[in-house]
file model.cif (mmCIF, C-alpha atoms)
data_coords
loop_
_atom_site.label_atom_id
_atom_site.label_comp_id
_atom_site.auth_asym_id
_atom_site.auth_seq_id
_atom_site.Cartn_x
_atom_site.Cartn_y
_atom_site.Cartn_z
CA MET R 1050 82.07 89.95 119.43
CA GLU R 1051 82.80 86.68 117.66
CA LYS R 1052 86.26 85.25 118.27
CA PHE R 1053 87.07 85.32 114.56
CA GLN R 1054 86.23 89.02 114.36
CA ARG R 1055 88.14 89.73 117.57
CA TYR R 1056 91.25 88.11 116.15
CA TYR R 1057 91.00 89.99 112.90
CA LEU R 1058 90.47 93.25 114.76
CA SER R 1059 93.57 92.70 116.88
CA PHE R 1060 95.47 91.82 113.72
CA LEU R 1061 94.36 95.04 112.04
CA LEU R 1062 95.28 97.08 115.09
CA LEU R 1063 98.75 95.57 115.01
CA ILE R 1064 99.11 96.46 111.33
CA VAL R 1065 98.10 100.04 112.06
CA TYR R 1066 100.57 100.03 114.94
CA THR R 1067 103.47 98.66 112.87
CA ASN R 1068 102.79 101.16 110.09
CA THR R 1069 102.99 104.09 112.46
CA ILE R 1070 106.01 103.07 114.51
CA ALA R 1071 108.35 104.30 111.77
CA GLN R 1072 107.42 107.85 112.75
CA VAL R 1073 109.43 109.29 115.62
CA ASN R 1074 108.50 112.15 117.94
CA CYS R 1075 111.36 114.52 117.14
CA ASN R 1076 110.65 116.80 120.10
CA ALA R 1077 112.05 114.09 122.32
CA ILE R 1078 115.39 114.09 120.47
CA GLU R 1079 118.28 116.01 122.05
CA GLY R 1080 120.56 118.28 120.00
CA GLU R 1081 119.71 120.52 117.07
CA ASP R 1082 121.38 118.37 114.42
CA CYS R 1083 119.81 115.17 115.68
CA LYS R 1084 116.41 116.86 115.81
CA LYS R 1085 116.87 117.89 112.16
CA ALA R 1086 117.97 114.36 111.34
CA CYS R 1087 114.84 113.04 112.99
CA GLU R 1088 112.64 115.34 110.92
CA LEU R 1089 114.40 114.22 107.75
CA TYR R 1090 113.89 110.62 108.85
CA ASN R 1091 110.15 111.12 109.30
CA TRP R 1092 109.90 112.78 105.89
CA ALA R 1093 111.93 110.02 104.20
CA SER R 1094 110.06 107.17 105.91
CA ASP R 1095 106.90 108.18 104.06
CA ARG R 1096 108.71 107.93 100.69
CA GLN R 1097 110.29 104.54 101.24
CA GLY R 1098 112.53 103.26 98.45
CA SER R 1099 112.63 106.47 96.42
CA ARG R 1100 115.88 108.26 95.52
CA GLU R 1101 114.81 111.30 97.56
CA SER R 1102 114.13 109.11 100.56
CA GLN R 1103 117.52 107.37 100.45
CA GLU R 1104 119.30 110.70 100.03
CA ALA R 1105 117.40 112.15 102.98
CA PHE R 1106 118.45 109.19 105.15
CA ASP R 1107 122.05 109.89 104.15
CA LYS R 1108 121.65 113.52 105.18
CA ALA R 1109 120.09 112.43 108.46
CA ILE R 1110 123.00 110.08 109.13
CA GLY R 1111 125.45 112.87 108.26
CA LEU R 1112 123.78 115.20 110.74
CA CYS R 1113 123.39 112.64 113.49
CA PRO R 1114 125.55 109.53 112.98
CA THR R 1115 124.21 107.92 116.17
CA PHE R 1116 120.57 108.03 115.00
CA SER R 1117 120.09 104.30 114.50
CA ASN R 1118 116.57 104.53 113.06
CA ALA R 1119 117.92 106.21 109.92
CA TYR R 1120 120.11 103.18 109.14
CA MET R 1121 117.27 100.77 109.90
CA GLU R 1122 114.73 102.57 107.72
CA LYS R 1123 117.23 103.13 104.89
CA ALA R 1124 117.79 99.36 104.89
CA VAL R 1125 114.12 98.41 104.47
CA PRO R 1126 113.72 98.79 100.67
CA TYR R 1127 116.82 96.63 100.11
CA LEU R 1128 115.30 93.93 102.27
CA LYS R 1129 111.98 94.02 100.44
CA ASN R 1130 113.65 94.00 97.03
CA GLY R 1131 116.01 91.10 97.65
CA ASP R 1132 119.30 93.02 98.01
CA PHE R 1133 120.21 91.34 101.26
CA ILE R 1134 123.89 92.29 101.15
CA THR R 1135 123.10 96.02 101.34
CA TRP R 1136 120.31 95.40 103.83
CA LYS R 1137 122.64 93.54 106.16
CA LEU R 1138 125.34 96.22 106.04
CA LEU R 1139 122.82 98.88 107.05
CA ILE R 1140 120.83 96.94 109.62
CA ASP R 1141 124.07 95.85 111.30
CA LYS R 1142 124.92 99.52 111.79
CA ALA R 1143 121.51 100.13 113.37
CA VAL R 1144 121.96 97.14 115.67
CA ALA R 1145 125.49 98.19 116.64
CA LEU R 1146 124.18 101.65 117.63
CA ASP R 1147 121.11 100.44 119.49
CA PRO R 1148 120.82 96.67 119.95
CA LYS R 1149 117.99 97.03 122.43
CA MET R 1150 115.86 98.60 119.74
CA HIS R 1151 116.85 96.70 116.57
CA LEU R 1152 118.04 93.19 117.49
CA GLY R 1153 114.55 91.70 117.69
CA TYR R 1154 113.61 93.21 114.34
CA ARG R 1155 116.79 91.94 112.64
CA GLY R 1156 116.12 88.47 114.05
CA TRP R 1157 112.59 88.55 112.70
CA CYS R 1158 113.76 89.67 109.24
CA ARG R 1159 116.36 86.90 109.15
CA PHE R 1160 113.54 84.44 109.74
CA GLN R 1161 110.89 86.00 107.52
CA PHE R 1162 112.99 86.83 104.46
CA LEU R 1163 115.99 84.53 104.63
CA ARG R 1164 115.05 81.50 106.73
CA ASP R 1165 118.37 82.04 108.49
CA TYR R 1166 117.38 79.98 111.51
CA THR R 1167 120.76 80.05 113.25
CA GLY R 1168 121.04 83.82 112.81
CA THR R 1169 117.47 84.28 114.06
CA ILE R 1170 118.18 82.28 117.21
CA HIS R 1171 121.39 84.21 117.79
CA ASP R 1172 119.67 87.59 117.49
CA LEU R 1173 116.62 86.67 119.54
CA GLU R 1174 118.69 85.15 122.33
CA GLU R 1175 120.80 88.30 122.50
CA PHE R 1176 117.58 90.31 122.45
CA LYS R 1177 116.24 88.22 125.33
CA LYS R 1178 119.00 89.61 127.52
CA TYR R 1179 117.34 93.02 127.21
CA TYR R 1180 113.77 91.73 127.45
CA PRO R 1181 113.82 88.48 129.46
CA GLU R 1182 110.08 88.59 130.19
CA ASP R 1183 108.65 89.28 126.75
CA LEU R 1184 110.37 89.55 123.36
CA GLY R 1185 107.41 91.40 121.87
CA ARG R 1186 105.83 90.91 118.45
CA SER R 1187 107.11 90.32 114.96
CA LEU R 1188 106.77 93.43 112.81
CA ASN R 1189 103.76 92.05 110.94
CA GLY R 1190 102.06 91.37 114.26
CA ASP R 1191 101.42 87.69 113.60
CA TYR R 1192 103.78 86.19 116.16
CA ASN R 1193 105.42 86.74 119.49
CA LEU R 1194 109.16 86.57 118.77
CA GLU R 1195 109.48 83.69 121.23
CA ILE R 1196 107.38 81.65 118.78
CA ILE R 1197 109.83 82.63 116.03
CA ARG R 1198 112.70 81.45 118.21
CA ALA R 1199 110.86 78.16 118.73
CA LEU R 1200 110.12 77.74 115.00
CA SER R 1201 113.79 78.34 114.21
CA TYR R 1202 114.72 75.49 116.57
CA SER R 1203 112.03 73.38 114.93
CA ALA R 1204 113.51 74.08 111.48
CA LEU R 1205 116.92 73.00 112.73
CA GLY R 1206 115.43 69.71 113.89
CA GLU R 1207 115.06 70.52 117.58
CA LYS R 1208 111.32 69.84 117.64
CA ASP R 1209 111.09 68.95 121.35
CA LYS R 1210 112.75 72.21 122.29
CA ALA R 1211 110.35 74.08 120.00
CA VAL R 1212 107.34 72.43 121.66
CA HIS R 1213 108.71 73.22 125.10
CA LEU R 1214 109.23 76.91 124.25
CA ILE R 1215 105.76 77.34 122.73
CA GLU R 1216 103.99 75.49 125.56
CA ASN R 1217 105.80 77.64 128.13
CA LEU R 1218 104.85 80.79 126.30
CA LEU R 1219 101.19 79.80 125.98
CA ALA R 1220 101.10 79.01 129.70
CA SER R 1221 102.71 82.28 130.72
CA LYS R 1222 100.66 84.91 132.51
CA ASN R 1223 99.04 87.68 130.45
CA TYR R 1224 100.32 86.24 127.18
CA PHE R 1225 98.56 87.73 124.16
CA LYS R 1226 98.26 84.94 121.59
CA GLY R 1227 99.43 85.32 118.02
CA LEU R 1228 97.32 84.44 114.99
CA PHE R 1229 98.93 81.06 114.31
CA ASP R 1230 100.28 79.88 117.69
CA HIS R 1231 98.21 76.72 118.06
CA TYR R 1232 98.65 75.84 114.41
CA GLN R 1233 102.44 76.06 114.63
CA LEU R 1234 102.46 74.08 117.87
CA GLY R 1235 100.13 71.51 116.30
CA VAL R 1236 102.38 71.09 113.25
CA THR R 1237 105.42 70.63 115.50
CA TYR R 1238 103.61 67.95 117.50
CA PHE R 1239 102.51 66.38 114.21
CA GLU R 1240 106.13 66.20 113.04
CA LEU R 1241 106.99 64.46 116.30
CA GLY R 1242 104.23 61.92 115.63
CA ARG R 1243 102.25 63.08 118.67
CA TYR R 1244 98.91 63.21 116.91
CA ASP R 1245 96.70 63.63 120.02
CA LYS R 1246 98.52 66.80 120.99
CA ALA R 1247 98.62 67.91 117.38
CA LEU R 1248 94.87 67.54 116.96
CA GLU R 1249 94.21 69.22 120.31
CA ASN R 1250 96.07 72.29 119.06
CA PHE R 1251 94.48 72.27 115.59
CA GLU R 1252 91.07 72.20 117.32
CA LYS R 1253 92.05 75.13 119.53
CA GLN R 1254 93.26 76.99 116.46
CA SER R 1255 89.94 76.31 114.70
CA LYS R 1256 88.03 77.85 117.60
CA GLU R 1257 90.14 80.99 117.61
CA PHE R 1258 90.88 81.58 113.94
CA ASP R 1259 90.50 78.86 111.34
CA PHE R 1260 92.14 78.69 107.93
CA ALA R 1261 92.77 76.15 105.17
CA GLU R 1262 96.19 74.95 106.34
CA ASN R 1263 94.85 74.16 109.81
CA ILE R 1264 91.92 72.18 108.38
CA TYR R 1265 94.33 70.35 106.07
CA PHE R 1266 96.33 69.13 109.06
CA LYS R 1267 93.17 68.02 110.87
CA SER R 1268 92.28 66.06 107.75
CA LYS R 1269 95.78 64.60 107.66
CA VAL R 1270 95.53 63.37 111.25
CA SER R 1271 92.17 61.75 110.43
CA LYS R 1272 93.68 60.00 107.42
CA ILE R 1273 96.59 58.65 109.47
CA ARG R 1274 94.07 57.29 111.98
CA ASN R 1275 92.05 55.64 109.19
CA LYS R 1276 89.08 57.87 109.92
CA ASP R 1277 86.94 59.70 107.39
CA TYR R 1278 89.02 62.63 106.25
CA LEU R 1279 87.40 63.58 102.95
CA ASP R 1280 84.88 66.05 104.39
CA LEU R 1281 87.71 67.91 106.08
CA LYS R 1282 89.76 67.81 102.90
CA ARG R 1283 86.87 69.30 100.93
CA LEU R 1284 86.41 71.95 103.61
CA ALA R 1285 90.14 72.78 103.47
CA LEU R 1286 89.95 73.25 99.69
CA ARG R 1287 86.83 75.38 99.94
CA THR R 1288 88.42 77.49 102.68
CA TYR R 1289 91.55 77.86 100.54
CA ASP R 1290 89.49 79.09 97.61
CA GLU R 1291 87.74 81.58 99.87
CA GLY R 1292 91.16 83.06 100.59
CA LYS R 1293 91.30 82.05 104.25
CA ILE R 1294 94.93 80.98 104.13
CA MET R 1295 98.20 81.94 105.81
CA LYS R 1296 99.12 85.20 104.14
CA ASP R 1297 102.15 87.42 104.23
CA VAL R 1298 102.57 90.42 101.94
CA TYR R 1299 106.31 89.92 101.44
CA THR R 1300 107.08 86.25 101.92
CA HIS R 1301 105.47 82.89 102.64
CA HIS R 1302 104.63 81.73 106.13
CA PHE R 1303 106.63 79.01 107.81
CA ASN R 1304 104.66 75.73 107.54
CA LYS R 1305 102.45 77.11 104.78
CA VAL R 1306 100.52 74.50 102.80
CA TYR R 1307 99.65 74.97 99.12
CA ARG R 1308 96.40 74.09 97.38
CA LYS R 1309 97.97 71.25 95.40
CA GLN R 1310 99.17 69.60 98.60
CA ILE R 1311 95.61 69.65 99.93
CA GLU R 1312 94.30 68.25 96.63
CA GLU R 1313 96.79 65.41 96.77
CA LEU R 1314 95.90 64.36 100.33
CA MET K 777 146.89 131.07 69.87
CA LYS K 778 143.45 132.63 70.34
CA VAL K 779 141.91 129.38 69.20
CA ILE K 780 143.89 127.42 71.83
CA TYR K 781 142.82 129.84 74.58
CA PHE K 782 139.23 129.58 73.41
CA LEU K 783 139.34 125.76 73.42
CA MET K 784 140.90 125.72 76.90
CA PHE K 785 138.24 128.09 78.19
CA PHE K 786 135.47 126.13 76.49
CA SER K 787 136.64 122.78 77.89
CA PHE K 788 136.92 124.34 81.36
CA VAL K 789 133.31 125.54 81.10
CA LEU K 790 132.22 122.09 79.95
CA MET K 791 134.01 120.41 82.88
CA SER K 792 132.45 122.86 85.31
CA CYS K 793 129.01 122.05 83.97
CA GLN K 794 129.65 118.34 84.44
CA THR K 795 130.92 118.65 87.99
CA GLU K 796 127.97 120.82 88.95
CA LYS K 797 125.51 118.22 87.69
CA ASN K 798 124.33 116.47 90.83
CA VAL K 799 124.30 112.81 89.89
CA SER K 800 122.71 110.70 92.60
CA LYS K 801 124.19 107.35 93.54
CA TYR K 802 120.65 106.01 93.90
CA PRO K 803 118.29 104.93 91.14
CA SER K 804 114.81 106.41 90.97
CA THR K 805 113.62 103.54 93.16
CA VAL K 806 115.82 101.10 95.06
CA GLY K 807 116.25 97.96 92.97
CA ASP K 808 115.44 99.50 89.56
CA ILE K 809 116.91 97.54 86.65
CA GLU K 810 117.92 99.29 83.44
CA PHE K 811 118.18 97.50 80.10
CA ASP K 812 121.76 96.40 79.34
CA PRO K 813 122.35 95.23 75.75
CA LYS K 814 125.22 93.00 76.95
CA LEU K 815 123.01 91.10 79.37
CA ASP K 816 119.44 91.44 78.26
CA ASP K 817 117.24 90.06 75.54
CA ALA K 818 116.53 92.89 73.11
CA ASP K 819 113.11 91.39 72.41
CA PHE K 820 112.01 91.70 76.01
CA LYS K 821 109.63 94.60 76.26
CA LYS K 822 108.76 96.46 79.38
CA CYS K 823 105.12 97.46 79.40
CA ILE K 824 104.02 100.55 77.56
CA PRO K 825 103.93 103.17 78.92
CA GLU K 826 107.07 102.32 80.87
CA LYS K 827 105.73 104.01 83.97
CA LEU K 828 103.43 101.04 84.41
CA VAL K 829 106.42 98.86 85.36
CA THR K 830 106.91 100.49 88.69
CA LEU K 831 105.24 98.04 91.00
CA GLN K 832 107.13 95.72 93.30
CA TYR K 833 105.99 92.13 93.82
CA TYR K 834 104.35 93.05 97.11
CA GLN K 835 102.30 95.91 95.69
CA GLY K 836 99.00 95.70 93.82
CA ASN K 837 97.32 92.28 93.76
CA PRO K 838 98.38 90.50 96.91
CA GLY K 839 100.12 87.15 96.86
CA PHE K 840 102.75 85.37 94.87
CA ASN K 841 101.64 85.67 91.26
CA TYR K 842 102.79 82.38 89.77
CA ARG K 843 100.53 79.69 88.29
CA GLY K 844 100.53 76.77 90.72
CA GLU K 845 101.93 79.01 93.48
CA LYS K 846 105.49 78.79 94.75
CA LEU K 847 105.08 75.02 95.06
CA ALA K 848 105.13 74.75 91.25
CA ILE K 849 108.58 76.39 91.20
CA GLU K 850 109.86 74.13 93.97
CA GLU K 851 108.58 71.02 92.20
CA LYS K 852 110.13 72.04 88.88
CA LEU K 853 113.43 72.73 90.63
CA LYS K 854 113.33 69.31 92.28
CA LYS K 855 112.74 67.63 88.92
CA GLU K 856 115.73 69.42 87.39
CA ASN K 857 117.95 68.17 90.22
CA ILE K 858 120.21 71.22 90.31
CA PHE K 859 123.02 70.97 92.84
CA SER K 860 126.68 71.74 93.37
CA LYS K 861 129.39 69.17 93.94
CA LYS K 862 131.02 71.69 96.26
CA ASN K 863 129.98 71.77 99.89
CA ILE K 864 128.80 75.38 99.73
CA THR K 865 126.31 77.27 101.88
CA GLY K 866 124.81 80.68 101.14
CA TYR K 867 122.23 82.37 98.96
CA PHE K 868 121.76 83.14 95.28
CA THR K 869 119.14 85.76 94.41
CA VAL K 870 117.79 86.56 90.97
CA ARG K 871 115.84 89.80 90.58
CA PHE K 872 113.90 90.45 87.40
CA ILE K 873 110.90 92.14 85.81
CA VAL K 874 107.64 90.42 84.94
CA ASN K 875 106.08 92.42 82.15
CA CYS K 876 102.38 92.97 81.49
CA ASP K 877 102.29 89.83 79.29
CA GLY K 878 103.65 87.73 82.16
CA LYS K 879 107.05 87.34 80.50
CA ALA K 880 110.17 87.72 82.62
CA GLY K 881 113.34 89.60 81.66
CA LEU K 882 116.21 91.84 82.80
CA PHE K 883 117.53 89.19 85.18
CA ARG K 884 120.19 90.23 87.71
CA GLY K 885 121.93 87.83 90.09
CA GLN K 886 123.40 88.38 93.53
CA HIS K 887 125.41 85.80 95.47
CA MET K 888 126.36 85.83 99.12
CA ASP K 889 127.62 83.55 101.83
CA SER K 890 125.66 82.68 104.97
CA ASP K 891 126.99 85.85 106.65
CA PHE K 892 125.38 87.94 103.85
CA LYS K 893 128.71 88.94 102.38
CA GLU K 894 129.14 89.01 98.61
CA LYS K 895 130.76 85.80 97.45
CA VAL K 896 130.73 83.56 94.39
CA LEU K 897 129.36 80.27 95.68
CA ASP K 898 129.88 78.07 92.63
CA GLN K 899 129.74 79.67 89.19
CA ASP K 900 128.32 76.53 87.61
CA LEU K 901 125.51 76.28 90.16
CA GLU K 902 124.72 79.99 89.81
CA ASN K 903 124.54 79.68 86.02
CA LYS K 904 122.17 76.75 86.32
CA LEU K 905 119.95 78.58 88.79
CA LEU K 906 119.90 81.65 86.57
CA LEU K 907 118.88 79.54 83.57
CA PHE K 908 116.29 77.80 85.71
CA THR K 909 114.83 81.17 86.76
CA LYS K 910 114.75 82.28 83.13
CA SER K 911 112.86 79.10 82.21
CA LEU K 912 109.97 79.82 84.58
CA ASP K 913 106.94 80.65 82.48
CA GLY K 914 104.08 80.83 84.95
CA TRP K 915 104.32 84.44 86.05
CA VAL K 916 101.03 86.29 86.09
CA PRO K 917 100.95 90.07 85.57
CA LYS K 918 99.22 92.16 88.16
CA GLU K 919 95.97 93.88 87.28
CA MET K 920 94.66 97.35 87.92
CA LYS K 921 90.91 97.76 88.30
CA GLY K 922 90.59 94.18 87.05
CA ARG K 923 91.44 95.19 83.48
CA VAL K 924 94.83 96.83 82.93
CA LYS K 925 97.74 94.40 83.14
CA ILE K 926 100.76 95.71 84.99
CA GLY K 927 104.33 94.45 85.16
CA TYR K 928 106.35 94.33 88.36
CA TYR K 929 109.71 93.56 89.92
CA GLN K 930 110.06 90.09 91.41
CA TYR K 931 112.92 88.18 92.95
CA LEU K 932 113.65 84.58 93.82
CA THR K 933 116.26 83.65 96.40
CA TYR K 934 117.70 80.16 96.49
CA LYS K 935 118.96 79.21 99.92
CA ILE K 936 121.82 76.78 99.43
CA LYS K 937 122.91 74.35 102.10
CA ASN K 938 125.75 71.90 101.52
CA GLY K 939 125.53 72.39 97.76
CA LYS K 940 121.76 71.83 97.53
CA VAL K 941 118.87 74.30 97.32
CA SER K 942 117.14 73.89 100.67
CA GLU K 943 114.51 76.60 100.25
CA VAL K 944 113.14 78.97 97.63
CA LEU K 945 112.24 82.44 98.90
CA PRO K 946 110.35 84.77 99.31
#
call {"tool": "encode", "arguments": {"input": "model.cif", "output": "structure tokens"}}
result
Amino acid sequence: MEKFQRYYLSFLLLIVYTNTIAQVNCNAIEGEDCKKACELYNWASDRQGSRESQEAFDKAIGLCPTFSNAYMEKAVPYLKNGDFITWKLLIDKAVALDPKMHLGYRGWCRFQFLRDYTGTIHDLEEFKKYYPEDLGRSLNGDYNLEIIRALSYSALGEKDKAVHLIENLLASKNYFKGLFDHYQLGVTYFELGRYDKALENFEKQSKEFDFAENIYFKSKVSKIRNKDYLDLKRLALRTYDEGKIMKDVYTHHFNKVYRKQIEEL
Amino acid sequence: MKVIYFLMFFSFVLMSCQTEKNVSKYPSTVGDIEFDPKLDDADFKKCIPEKLVTLQYYQGNPGFNYRGEKLAIEEKLKKENIFSKKNITGYFTVRFIVNCDGKAGLFRGQHMDSDFKEKVLDQDLENKLLLFTKSLDGWVPKEMKGRVKIGYYQYLTYKIKNGKVSEVLP
């Protein structure tokens, strides 16, 4: 199977996985009331954002106040719709009840929706105490959460630390790469002015899964080095128009590049 | 006297009816915005039939539906040089509806500090950002089956660091 197809297939599998993890096996829940709460939760999760769904989560919480998933799932529509105050109140309750389960997710949401880099680092470092070997994936499946920790440091200006964290992760045994790992590492090297390392990573990214932003940065390195960059620029624009760009349903990716920026190179 | 008894009985029945009515604290969908004559432009029309304005920004056509992408908003904001003289940090979110003509209306603001607690950051800055959001005219309606234009809910969050907008989200 071609590498491009393999990467897309793994991406799709992760999406399927993340869409099904909301459902809980209620037979494994102890106590009649908590079992009922779990069933309500499963019913409500399929009707996300509706009045009936929110009311069912309330009933579930009333029946089983320690059932953290109900708080987490009730919070989701507020997050998606930009009501971050309500989201935070609810997700904090979920985290307080079961940090091992929800801290990594809250950290990811702080990064994805709010670019709260300090909060992301705080949550992921707390989460690391529970999972020192592997933080697991972001909910959309694109990144290992260690990459998100590194990108948060990068955003706060600690680029060397970000590089160190990503390099360590990529070198670790049995690591399953994310969709944009080499691109993000390449951009961080680029920002440090280490163009050899940047290009090395953009090339690796191209071999695994190429997209317009990655080609744009390759073109940028060529321009800085006074080499012909126009073919790459044209390719980046064409790739952009074909829709092979960094996509996220809810937000924009960190280090995303827009078409106009490519045009103006 | 009979009339008084009747009125007392009738009002009791009315009150009972009202208390029995189960009014939910939730809107039909989380984040729904209802027209408010004190806040909203009476000329702003939701799409007809109204049911068509049920999508959220992340449903239907994928992507951020603004001409020139989010970069166009960031560049316009930069040109307008909106900032606060106060050293404030937090977020200001404006949620609104884009109708099937691509016009935006029913704007609602939410302010919070960096701990996500409700807080007025700087009223002057918030007013300017609200006006700025209202001035954006590049919204593109979503389409169904490539023909029917559909409105949707959208939001913009301004991340504010030391009085300046550091990022525009989502």
call {"tool": "resolve_selection", "arguments": {"input": "model.cif", "expression": "the PyMOL selection byres ((chain K and resi 882) around 6)", "output": "JSON, numbers by chain"}}
result
{"K": [816, 872, 881, 883]}
call {"tool": "interface_residues", "arguments": {"input": "model.cif", "of": "chain R", "to": "chain K", "cutoff": "7 Å", "atoms": "only C-alpha atoms", "output": "list in words"}}
result
Gly1098, Ser1099, Arg1100, Pro1126, Tyr1127, Asn1130, Gly1131, Phe1133, Ile1134, Lys1137, Phe1162, Val1298, Tyr1299, Thr1300, His1301 and Tyr1307 of chain R
call {"tool": "residues_near_point", "arguments": {"input": "model.cif", "point": "(126.1, 84.1, 87.6)", "cutoff": "12 Å", "atoms": "all atoms listed in the file", "output": "number ranges by chain"}}
result
K: 815, 868-870, 883-888, 895-909
call {"tool": "write_last_selection", "arguments": {"input": "model.cif", "atoms": "C-alpha atoms", "output": "PDB file, in the coordinates of the input"}}
result
ATOM      1  CA  LEU K 815     123.010  91.100  79.370  1.00  0.00           C
ATOM      2  CA  PHE K 868     121.760  83.140  95.280  1.00  0.00           C
ATOM      3  CA  THR K 869     119.140  85.760  94.410  1.00  0.00           C
ATOM      4  CA  VAL K 870     117.790  86.560  90.970  1.00  0.00           C
ATOM      5  CA  PHE K 883     117.530  89.190  85.180  1.00  0.00           C
ATOM      6  CA  ARG K 884     120.190  90.230  87.710  1.00  0.00           C
ATOM      7  CA  GLY K 885     121.930  87.830  90.090  1.00  0.00           C
ATOM      8  CA  GLN K 886     123.400  88.380  93.530  1.00  0.00           C
ATOM      9  CA  HIS K 887     125.410  85.800  95.470  1.00  0.00           C
ATOM     10  CA  MET K 888     126.360  85.830  99.120  1.00  0.00           C
ATOM     11  CA  LYS K 895     130.760  85.800  97.450  1.00  0.00           C
ATOM     12  CA  VAL K 896     130.730  83.560  94.390  1.00  0.00           C
ATOM     13  CA  LEU K 897     129.360  80.270  95.680  1.00  0.00           C
ATOM     14  CA  ASP K 898     129.880  78.070  92.630  1.00  0.00           C
ATOM     15  CA  GLN K 899     129.740  79.670  89.190  1.00  0.00           C
ATOM     16  CA  ASP K 900     128.320  76.530  87.610  1.00  0.00           C
ATOM     17  CA  LEU K 901     125.510  76.280  90.160  1.00  0.00           C
ATOM     18  CA  GLU K 902     124.720  79.990  89.810  1.00  0.00           C
ATOM     19  CA  ASN K 903     124.540  79.680  86.020  1.00  0.00           C
ATOM     20  CA  LYS K 904     122.170  76.750  86.320  1.00  0.00           C
ATOM     21  CA  LEU K 905     119.950  78.580  88.790  1.00  0.00           C
ATOM     22  CA  LEU K 906     119.900  81.650  86.570  1.00  0.00           C
ATOM     23  CA  LEU K 907     118.880  79.540  83.570  1.00  0.00           C
ATOM     24  CA  PHE K 908     116.290  77.800  85.710  1.00  0.00           C
ATOM     25  CA  THR K 909     114.830  81.170  86.760  1.00  0.00           C
TER      26      THR K 909
END
call {"tool": "residues_around", "arguments": {"input": "model.cif", "residues": "R:Ser1102", "least_positions_apart": "6", "cutoff": "9 Å", "atoms": "all atoms listed in the file", "output": "PyMOL selection string"}}
result
chain R and resi 1089-1090+1092-1096+1123
call {"tool": "axis_aligned_box", "arguments": {"input": "model.cif", "around": "stretch 857-864 of chain K", "padding_each_side": "5 Å", "output": "AutoDock Vina command-line options"}}
result
--center_x 124.5 --center_y 71.8 --center_z 95.1 --size_x 23.1 --size_y 17.2 --size_z 19.7
call {"tool": "residues_around", "arguments": {"input": "model.cif", "residues": "R:Asn1250", "least_positions_apart": "5", "cutoff": "8 Å", "atoms": "only C-alpha atoms", "output": "ChimeraX atom specification"}}
result
/R:1231-1232,1234-1235
call {"tool": "atom_distance", "arguments": {"input": "model.cif", "atom1": "atom CA of R:Asp1082", "atom2": "atom CA of R:Leu1128"}}
result
28.0 Å
call {"tool": "residues_near_point", "arguments": {"input": "model.cif", "point": "(91.2, 76.1, 111.0)", "cutoff": "10 Å", "atoms": "all atoms listed in the file", "output": "PyMOL selection string"}}
result
chain R and resi 1229+1231-1232+1251-1267+1284-1285+1288+1293-1294
call {"tool": "atom_distance", "arguments": {"input": "model.cif", "atom1": "atom CA of R:Lys1177", "atom2": "atom CA of R:Leu1194"}}
result
9.8 Å
call {"tool": "atom_distance", "arguments": {"input": "model.cif", "atom1": "atom CA of R:Ser1117", "atom2": "atom CA of R:Phe1160"}}
result
21.4 Å
call {"tool": "resolve_selection", "arguments": {"input": "model.cif", "expression": "the PyMOL selection byres ((chain R and resi 1175) around 12)", "output": "JSON, numbers by chain"}}
result
{"R": [1144, 1148, 1149, 1150, 1151, 1152, 1153, 1154, 1155, 1156, 1168, 1169, 1170, 1171, 1172, 1173, 1174, 1176, 1177, 1178, 1179, 1180, 1181, 1184, 1198]}
call {"tool": "residues_around", "arguments": {"input": "model.cif", "residues": "R:Lys1222", "least_positions_apart": "5", "cutoff": "12 Å", "atoms": "all atoms listed in the file", "output": "PyMOL selection string"}}
result
chain R and resi 1182-1183+1217
call {"tool": "resolve_selection", "arguments": {"input": "model.cif", "expression": "the PyMOL selection byres ((chain K and resi 821) around 10)", "output": "PyMOL selection string"}}
result
chain K and resi 811+817-820+822-824+826+873-877+879-882
call {"tool": "build_atoms", "arguments": {"input": "model.cif", "residues": "stretch 1098-1104 of chain R", "atoms": "N, CA and C atoms", "output": "PDB file, in the frame of the given file"}}
result
ATOM      1  N   GLY R1098     112.005 103.859  99.680  1.00  0.00           N
ATOM      2  CA  GLY R1098     112.530 103.260  98.450  1.00  0.00           C
ATOM      3  C   GLY R1098     112.864 104.257  97.367  1.00  0.00           C
ATOM      4  N   SER R1099     112.359 105.492  97.478  1.00  0.00           N
ATOM      5  CA  SER R1099     112.630 106.470  96.420  1.00  0.00           C
ATOM      6  C   SER R1099     114.037 107.062  96.583  1.00  0.00           C
ATOM      7  N   ARG R1100     114.549 107.623  95.496  1.00  0.00           N
ATOM      8  CA  ARG R1100     115.880 108.260  95.520  1.00  0.00           C
ATOM      9  C   ARG R1100     115.920 109.355  96.597  1.00  0.00           C
ATOM     10  N   GLU R1101     114.849 110.187  96.610  1.00  0.00           N
ATOM     11  CA  GLU R1101     114.810 111.300  97.560  1.00  0.00           C
ATOM     12  C   GLU R1101     114.856 110.796  98.996  1.00  0.00           C
ATOM     13  N   SER R1102     114.167 109.686  99.217  1.00  0.00           N
ATOM     14  CA  SER R1102     114.130 109.110 100.560  1.00  0.00           C
ATOM     15  C   SER R1102     115.520 108.631 100.986  1.00  0.00           C
ATOM     16  N   GLN R1103     116.195 107.900 100.098  1.00  0.00           N
ATOM     17  CA  GLN R1103     117.520 107.370 100.450  1.00  0.00           C
ATOM     18  C   GLN R1103     118.510 108.511 100.677  1.00  0.00           C
ATOM     19  N   GLU R1104     118.390 109.555  99.860  1.00  0.00           N
ATOM     20  CA  GLU R1104     119.300 110.700 100.030  1.00  0.00           C
ATOM     21  C   GLU R1104     119.022 111.428 101.357  1.00  0.00           C
TER      22      GLU R1104
END
